[in-house]
Amino acid sequence: MAQNSNVVLKGVAASAGIVIGKAFLLEDDDFCLIERQLPRHVRAAELKRLEDALEKTRAEFRTAHDKINEVLGENYAKIADVHLLILDDPVMKNDVSKLINDGVNAEFAVYKVLDKIIASFDAMKDEYFRERKQDIQDVSKKIINNLLGKEKRTLASLNDDSIVIAHNLTPADTVAIREKFVKGFATDIGGKTSHTAIVAQGLEIPAVVGLKNISAQVKNGETVIVDGNKGEVILKPSEEIIEKYKKECTLQAERVKELAKLKDLPAETSDGHKVAILANIDNPHDMSSVNKNGAGGIGLYRSEFLFFNRNNMPSENEHYQNYGKVAKAAPDKEVVIRTIDLGGDKLAGMGLFDMQKEQNPFMGLRAIRLCLRYPEIFIDQLKGILRASSANKNIKIMYPMISGLGELREANKILEKVKASLRAEKVKFNEDIEVGVMIEVPSAAVIVEEIAKEVDFISIGTNDLIQYTLAVDRVNENVAHLYDPLHPAILRLIKNIIDAGHSAGIKVAMCGEMAGDPDFTVVLLGLGLDEFSVSAPQIPKVKKVIRSVSFADSKAAAEEMLKCRDKEGIAKAMKKIKND
Ligand code: PEP
Ligand code: MG
């Protein structure tokens with residue numbers, strides 16, 4: 001057996017399934033460097049590793065020099081020589097070597113020495129020195145890249161056998177991955193309800209996030225196993241382990257086949273209580289998976305994905321075409337288009353907004369707040385939705401991140417203005433189009449009785465409701481263990497929201513990830529949830545649970561859970577549900 005085989009890295013299970021493939025390391029500017037203390041006997045080898053990385057970097061700079069010389073001439077090529085001068089600076093090399101001799105790993109030693117020099121440039125205002133700082137940063141990045149075995153790679157060079165390994169993938173990167181048919185991915189950072197994880201589920205590719213430093217531990221081309229069910233990645237798997245996982249993959253495929261038989265059966269309990277299971281999508285491409293899994297409609301279309309990976313805003317016509325396409329693919333079924341929820345973890349990768357980097361983007365100018373700040377963008381989208389609703393009466397509008405009645409009324413005022421302008425232009429739309437809101441901000445959950453009186457439906461966005469109520473960042477792997485959908489505070493909030501909706505005579509849906517986790521199906525059913533909106537592959541799993549229980553038992557289970565005061569009580573009640 002190879003040395004150090006079967007290294008198991010534990011992270012957060014972001015998207016179910018198992019995949020075995022070759023690692024494709026995506027270069028990232030944000031290194032995830034860790035300081036490691038090296039035992040004495042490996043320090044000489046570490047110095048050799050540094051030598052090799054310096055030599056490789058030197059060769060790269062020389063090639064750059066020659067290329068520039070060829071195209072632009074010697075004067076320009078001298079600029080590239082600055083990098084070589086920094087690289088060959090004896091003081092820098094001595095300092096790095098000294099740290100390695102003291103037991104610091106090479107990557108961290110390079111980072112430490114060069115970062116100190118870079119910091120000293122911060123105090124200088126002179127443009128010349130600012131440029132030199134950038135040069136040093138470039139050199140530092142190159143050496144560290146070579147030490148980590150990272151090559152300059154982009155998504156364009158991906159092939160369909162790859163498992164993407166990255167420090168981070170933005171939701172925009174994940175969309176690009178869609179086009180490349182990647183088999184799976186694993187990242188250093190992220191939580192279960194980060195948008196990157198959600199997109200992976202929609203794509204039906206196994207993913208594990210929050211692995212902390214996988215991007216520093218894997219080399220390009222190495223075989224890795226991503227176990228999206230357990231939230232584990234296995235590096236350097238032995239033949240035996242590969243065989244074991246291959247068998248598990250076969251079993252998994254059989255389970256999926258078995259679940260597919262539920263496609264046309266209703267989501268109905270054994271005592272005849274019916275609920276609806278809809279799908280969450282972020283792209284019209286998802287519609288094939290939606291129909292394959294027998295969704296009762298679209299409970300959440302994350303329309304912000306229309307804004308990714310481009311440098312211009314989508315036009316009103318583009319909105320119109322896009323929503324029409326989705327609605328036509330689900331005829332006679334409701335299609336809830338959520339107006340854009342940009343901001344939070346969804347601005348990265350976008351060059352569209354000239355927005356300052358925010359300290360707390362999840363609490364910043366996001367979703368409806370952004371739309372009310374930039375009404376032109378909102379108006380274009382609303383016009384597109386309304387126009388599409390003329391031929392597709394199944395379309396509904398939903399506002400995200402509503403925190404109180406003020407925002408709801410302000411958004412509705414803009415909607416009414418848009419309707420008036422369309423009427424004036426004699427453009428047809430569905431005059432009875434339904435408008436709902438997401439309940440995902442705790443303030444909205446507390447005053448939900450008031451909100452429910454002014455909308456046609458509500459949908460609980462647990463991804464955000466949990467993060468804001470428990471003060472647990474949904475993309476931060478360090479607090480992922482605190483992200484608890486069954487926290488007594490969350491269960492009680494959900495119960496209040498459902499009751500308030502029903503008192504107002506409107507339906508209550510849930511479109512956060514909690515709705516798609518079969519472990520929570522019984523309790524949500526018992527709390528009286530009308531619609532589960534989940535990522536398409538989860539539909540049969542949730543349906544299977546619904547069809548296997550009675551509504552009476554679910555209600556009793558939910559009542560018992562609501563009485564629980566703490567985690568221990570909840571765990572006990574959950575165990576009982578599972579064993580029943
Ligand atoms: C939610 O917050 O639960 C939700 C469905 O919206 P998003 O995940 O897009 O923030
Ligand atoms: Mg949300």
# chains A, B, ... in the order shown; residues from 1 in each chain; ligands from 1
call {"tool": "residues_near_ligand", "arguments": {"ligand": "ligand 2", "cutoff": "8 Å", "atoms": "only C-alpha atoms and all ligand atoms", "output": "number ranges by chain"}}
result
A: 341, 400-401, 438, 440, 461-465, 512
call {"tool": "select_by_dssp", "arguments": {"residues": "segment 349-470 of chain A", "states": "alpha helix (DSSP H)", "output": "ChimeraX atom specification"}}
result
/A:368-373,375-391,405-424,442-446,448-452,462-470
call {"tool": "closest_residue", "arguments": {"among": "A:Ala480, A:Ala329, A:Ile498, A:Ile198", "to": "Val534 of chain A", "atoms": "only C-alpha atoms"}}
result
A:Ile198
call {"tool": "select_by_dssp", "arguments": {"residues": "segment 411-492 of chain A", "states": "strand (DSSP E)", "output": "MDAnalysis selection string"}}
result
chainID A and resid 435:439 457:460
call {"tool": "write_last_selection", "arguments": {"atoms": "N, CA and C atoms", "output": "PDB file, in the first residue's frame"}}
result
ATOM      1  N   VAL A 435     -48.443  38.030  -5.275  1.00  0.00           N
ATOM      2  CA  VAL A 435     -47.182  38.550  -4.753  1.00  0.00           C
ATOM      3  C   VAL A 435     -46.977  38.024  -3.327  1.00  0.00           C
ATOM      4  N   GLY A 436     -45.823  37.433  -3.106  1.00  0.00           N
ATOM      5  CA  GLY A 436     -45.520  36.905  -1.779  1.00  0.00           C
ATOM      6  C   GLY A 436     -44.167  37.391  -1.288  1.00  0.00           C
ATOM      7  N   VAL A 437     -43.844  37.013  -0.070  1.00  0.00           N
ATOM      8  CA  VAL A 437     -42.540  37.400   0.475  1.00  0.00           C
ATOM      9  C   VAL A 437     -41.857  36.192   1.106  1.00  0.00           C
ATOM     10  N   MET A 438     -40.547  36.301   1.201  1.00  0.00           N
ATOM     11  CA  MET A 438     -39.813  35.299   1.962  1.00  0.00           C
ATOM     12  C   MET A 438     -39.752  35.781   3.397  1.00  0.00           C
ATOM     13  N   ILE A 439     -39.949  34.865   4.307  1.00  0.00           N
ATOM     14  CA  ILE A 439     -39.749  35.212   5.723  1.00  0.00           C
ATOM     15  C   ILE A 439     -38.406  34.606   6.091  1.00  0.00           C
ATOM     16  N   PHE A 457     -48.952  34.975  -0.377  1.00  0.00           N
ATOM     17  CA  PHE A 457     -48.345  33.746   0.153  1.00  0.00           C
ATOM     18  C   PHE A 457     -47.034  34.101   0.843  1.00  0.00           C
ATOM     19  N   ILE A 458     -46.585  33.183   1.682  1.00  0.00           N
ATOM     20  CA  ILE A 458     -45.253  33.399   2.279  1.00  0.00           C
ATOM     21  C   ILE A 458     -44.420  32.124   2.142  1.00  0.00           C
ATOM     22  N   SER A 459     -43.105  32.314   2.102  1.00  0.00           N
ATOM     23  CA  SER A 459     -42.204  31.171   1.997  1.00  0.00           C
ATOM     24  C   SER A 459     -41.070  31.384   3.000  1.00  0.00           C
ATOM     25  N   ILE A 460     -40.840  30.371   3.805  1.00  0.00           N
ATOM     26  CA  ILE A 460     -39.837  30.524   4.872  1.00  0.00           C
ATOM     27  C   ILE A 460     -38.445  30.228   4.314  1.00  0.00           C
TER      28      ILE A 460
END
call {"tool": "residues_around", "arguments": {"residues": "segment 541-553 of chain A", "least_positions_apart": "4", "cutoff": "8 Å", "atoms": "only C-alpha atoms", "output": "list in words"}}
result
Leu259, Leu262, Pro266, Ala267, Glu268, Thr269, Ser270, Asp271, Gly272, His273, Ile277, Gly516, Asp517, Pro518, Thr521, Val522, Leu525, Gly526, Pro537 and Ala557 of chain A
call {"tool": "residues_around", "arguments": {"residues": "His502 of chain A", "least_positions_apart": "4", "cutoff": "10 Å", "atoms": "only C-alpha atoms", "output": "JSON, numbers by chain"}}
result
{"A": [449, 452, 457, 496, 497, 498, 506, 507, 508, 528, 529, 530]}
call {"tool": "atom_distance", "arguments": {"atom1": "atom CA of Leu54 of chain A", "atom2": "atom CA of Asp135 of chain A"}}
result
15.7 Å
call {"tool": "atom_distance", "arguments": {"atom1": "atom CA of Ile397 of chain A", "atom2": "atom CA of Gly343 of chain A"}}
result
19.4 Å
call {"tool": "closest_residue", "arguments": {"among": "A:Leu491, A:Val472, A:Ile68, A:Val441", "to": "ligand 1", "atoms": "only C-alpha atoms and all ligand atoms"}}
result
A:Val441
call {"tool": "atom_distance", "arguments": {"atom1": "atom CA of Asp345 of chain A", "atom2": "atom CA of Pro361 of chain A"}}
result
7.2 Å
call {"tool": "closest_residue", "arguments": {"among": "A:Lys192, A:Arg62, A:Arg409, A:Arg369", "to": "Met514 of chain A", "atoms": "only C-alpha atoms"}}
result
A:Lys192
call {"tool": "residues_around", "arguments": {"residues": "segment 217-232 of chain A", "least_positions_apart": "2", "cutoff": "6 Å", "atoms": "only C-alpha atoms", "output": "PDB file with N, CA, C and O atoms, in the first residue's frame"}}
result
ATOM      1  N   LEU A   9     -10.294  13.628   5.011  1.00  0.00           N
ATOM      2  CA  LEU A   9     -10.492  15.016   5.443  1.00  0.00           C
ATOM      3  C   LEU A   9     -11.981  15.205   5.709  1.00  0.00           C
ATOM      4  O   LEU A   9     -12.818  14.824   4.894  1.00  0.00           O
ATOM      5  N   LYS A  10     -12.298  15.790   6.848  1.00  0.00           N
ATOM      6  CA  LYS A  10     -13.713  15.981   7.182  1.00  0.00           C
ATOM      7  C   LYS A  10     -14.136  17.425   6.940  1.00  0.00           C
ATOM      8  O   LYS A  10     -13.442  18.359   7.327  1.00  0.00           O
ATOM      9  N   GLY A  11     -15.267  17.576   6.261  1.00  0.00           N
ATOM     10  CA  GLY A  11     -15.790  18.911   6.002  1.00  0.00           C
ATOM     11  C   GLY A  11     -17.288  18.928   6.196  1.00  0.00           C
ATOM     12  O   GLY A  11     -17.825  18.167   7.006  1.00  0.00           O
ATOM     13  N   VAL A  12     -17.958  19.763   5.432  1.00  0.00           N
ATOM     14  CA  VAL A  12     -19.407  19.889   5.538  1.00  0.00           C
ATOM     15  C   VAL A  12     -20.031  19.263   4.290  1.00  0.00           C
ATOM     16  O   VAL A  12     -19.654  19.602   3.170  1.00  0.00           O
ATOM     17  N   ALA A  13     -20.972  18.331   4.504  1.00  0.00           N
ATOM     18  CA  ALA A  13     -21.628  17.676   3.359  1.00  0.00           C
ATOM     19  C   ALA A  13     -22.507  18.703   2.654  1.00  0.00           C
ATOM     20  O   ALA A  13     -23.500  19.155   3.199  1.00  0.00           O
ATOM     21  N   SER A  15     -23.433  18.554  -0.925  1.00  0.00           N
ATOM     22  CA  SER A  15     -24.295  18.008  -1.957  1.00  0.00           C
ATOM     23  C   SER A  15     -24.065  16.498  -1.997  1.00  0.00           C
ATOM     24  O   SER A  15     -22.919  16.030  -2.092  1.00  0.00           O
ATOM     25  N   ALA A  16     -25.184  15.753  -1.911  1.00  0.00           N
ATOM     26  CA  ALA A  16     -25.095  14.299  -1.727  1.00  0.00           C
ATOM     27  C   ALA A  16     -24.491  13.575  -2.922  1.00  0.00           C
ATOM     28  O   ALA A  16     -24.485  14.080  -4.041  1.00  0.00           O
ATOM     29  N   GLY A  17     -23.997  12.381  -2.666  1.00  0.00           N
ATOM     30  CA  GLY A  17     -23.451  11.542  -3.729  1.00  0.00           C
ATOM     31  C   GLY A  17     -21.966  11.273  -3.514  1.00  0.00           C
ATOM     32  O   GLY A  17     -21.314  11.943  -2.710  1.00  0.00           O
ATOM     33  N   ILE A  18     -21.483  10.256  -4.241  1.00  0.00           N
ATOM     34  CA  ILE A  18     -20.072   9.880  -4.120  1.00  0.00           C
ATOM     35  C   ILE A  18     -19.444   9.927  -5.497  1.00  0.00           C
ATOM     36  O   ILE A  18     -20.074   9.528  -6.480  1.00  0.00           O
ATOM     37  N   VAL A  19     -18.221  10.411  -5.575  1.00  0.00           N
ATOM     38  CA  VAL A  19     -17.556  10.423  -6.858  1.00  0.00           C
ATOM     39  C   VAL A  19     -16.059  10.164  -6.677  1.00  0.00           C
ATOM     40  O   VAL A  19     -15.457  10.595  -5.693  1.00  0.00           O
ATOM     41  N   ILE A  20     -15.505   9.435  -7.632  1.00  0.00           N
ATOM     42  CA  ILE A  20     -14.065   9.147  -7.606  1.00  0.00           C
ATOM     43  C   ILE A  20     -13.485   9.767  -8.884  1.00  0.00           C
ATOM     44  O   ILE A  20     -14.032   9.568  -9.968  1.00  0.00           O
ATOM     45  N   GLY A  21     -12.444  10.538  -8.771  1.00  0.00           N
ATOM     46  CA  GLY A  21     -11.890  11.154  -9.983  1.00  0.00           C
ATOM     47  C   GLY A  21     -10.551  11.808  -9.723  1.00  0.00           C
ATOM     48  O   GLY A  21      -9.960  11.675  -8.650  1.00  0.00           O
ATOM     49  N   LYS A  22     -10.081  12.518 -10.755  1.00  0.00           N
ATOM     50  CA  LYS A  22      -8.768  13.180 -10.656  1.00  0.00           C
ATOM     51  C   LYS A  22      -8.949  14.623 -10.195  1.00  0.00           C
ATOM     52  O   LYS A  22      -9.826  15.334 -10.698  1.00  0.00           O
ATOM     53  N   ALA A  23      -8.083  15.049  -9.287  1.00  0.00           N
ATOM     54  CA  ALA A  23      -8.182  16.410  -8.751  1.00  0.00           C
ATOM     55  C   ALA A  23      -7.779  17.441  -9.803  1.00  0.00           C
ATOM     56  O   ALA A  23      -6.804  17.257 -10.527  1.00  0.00           O
ATOM     57  N   PHE A  24      -8.560  18.496  -9.869  1.00  0.00           N
ATOM     58  CA  PHE A  24      -8.208  19.638 -10.718  1.00  0.00           C
ATOM     59  C   PHE A  24      -8.121  20.823  -9.772  1.00  0.00           C
ATOM     60  O   PHE A  24      -9.125  21.315  -9.264  1.00  0.00           O
ATOM     61  N   LEU A  25      -6.892  21.239  -9.510  1.00  0.00           N
ATOM     62  CA  LEU A  25      -6.674  22.284  -8.525  1.00  0.00           C
ATOM     63  C   LEU A  25      -6.881  23.643  -9.162  1.00  0.00           C
ATOM     64  O   LEU A  25      -6.180  23.992 -10.107  1.00  0.00           O
ATOM     65  N   PRO A 206     -21.760  15.673  -6.400  1.00  0.00           N
ATOM     66  CA  PRO A 206     -21.345  15.583  -5.009  1.00  0.00           C
ATOM     67  C   PRO A 206     -20.366  16.701  -4.644  1.00  0.00           C
ATOM     68  O   PRO A 206     -19.497  17.059  -5.455  1.00  0.00           O
ATOM     69  N   ALA A 207     -20.523  17.261  -3.463  1.00  0.00           N
ATOM     70  CA  ALA A 207     -19.614  18.328  -3.039  1.00  0.00           C
ATOM     71  C   ALA A 207     -19.440  18.315  -1.534  1.00  0.00           C
ATOM     72  O   ALA A 207     -20.374  18.034  -0.786  1.00  0.00           O
ATOM     73  N   VAL A 208     -18.207  18.618  -1.125  1.00  0.00           N
ATOM     74  CA  VAL A 208     -17.914  18.795   0.296  1.00  0.00           C
ATOM     75  C   VAL A 208     -17.239  20.152   0.428  1.00  0.00           C
ATOM     76  O   VAL A 208     -16.331  20.482  -0.339  1.00  0.00           O
ATOM     77  N   ILE A 214      -7.865  21.743   2.183  1.00  0.00           N
ATOM     78  CA  ILE A 214      -7.682  20.692   1.158  1.00  0.00           C
ATOM     79  C   ILE A 214      -6.890  21.218  -0.039  1.00  0.00           C
ATOM     80  O   ILE A 214      -6.090  20.499  -0.630  1.00  0.00           O
ATOM     81  N   SER A 215      -7.076  22.522  -0.359  1.00  0.00           N
ATOM     82  CA  SER A 215      -6.397  23.036  -1.551  1.00  0.00           C
ATOM     83  C   SER A 215      -4.873  23.049  -1.373  1.00  0.00           C
ATOM     84  O   SER A 215      -4.138  23.127  -2.344  1.00  0.00           O
ATOM     85  N   ILE A 234     -11.469  11.702   0.568  1.00  0.00           N
ATOM     86  CA  ILE A 234     -10.385  10.755   0.838  1.00  0.00           C
ATOM     87  C   ILE A 234      -9.261  11.013  -0.160  1.00  0.00           C
ATOM     88  O   ILE A 234      -9.462  10.961  -1.376  1.00  0.00           O
ATOM     89  N   LEU A 235      -8.097  11.345   0.388  1.00  0.00           N
ATOM     90  CA  LEU A 235      -6.932  11.584  -0.471  1.00  0.00           C
ATOM     91  C   LEU A 235      -6.104  10.313  -0.552  1.00  0.00           C
ATOM     92  O   LEU A 235      -6.093   9.510   0.373  1.00  0.00           O
TER      93      LEU A 235
END
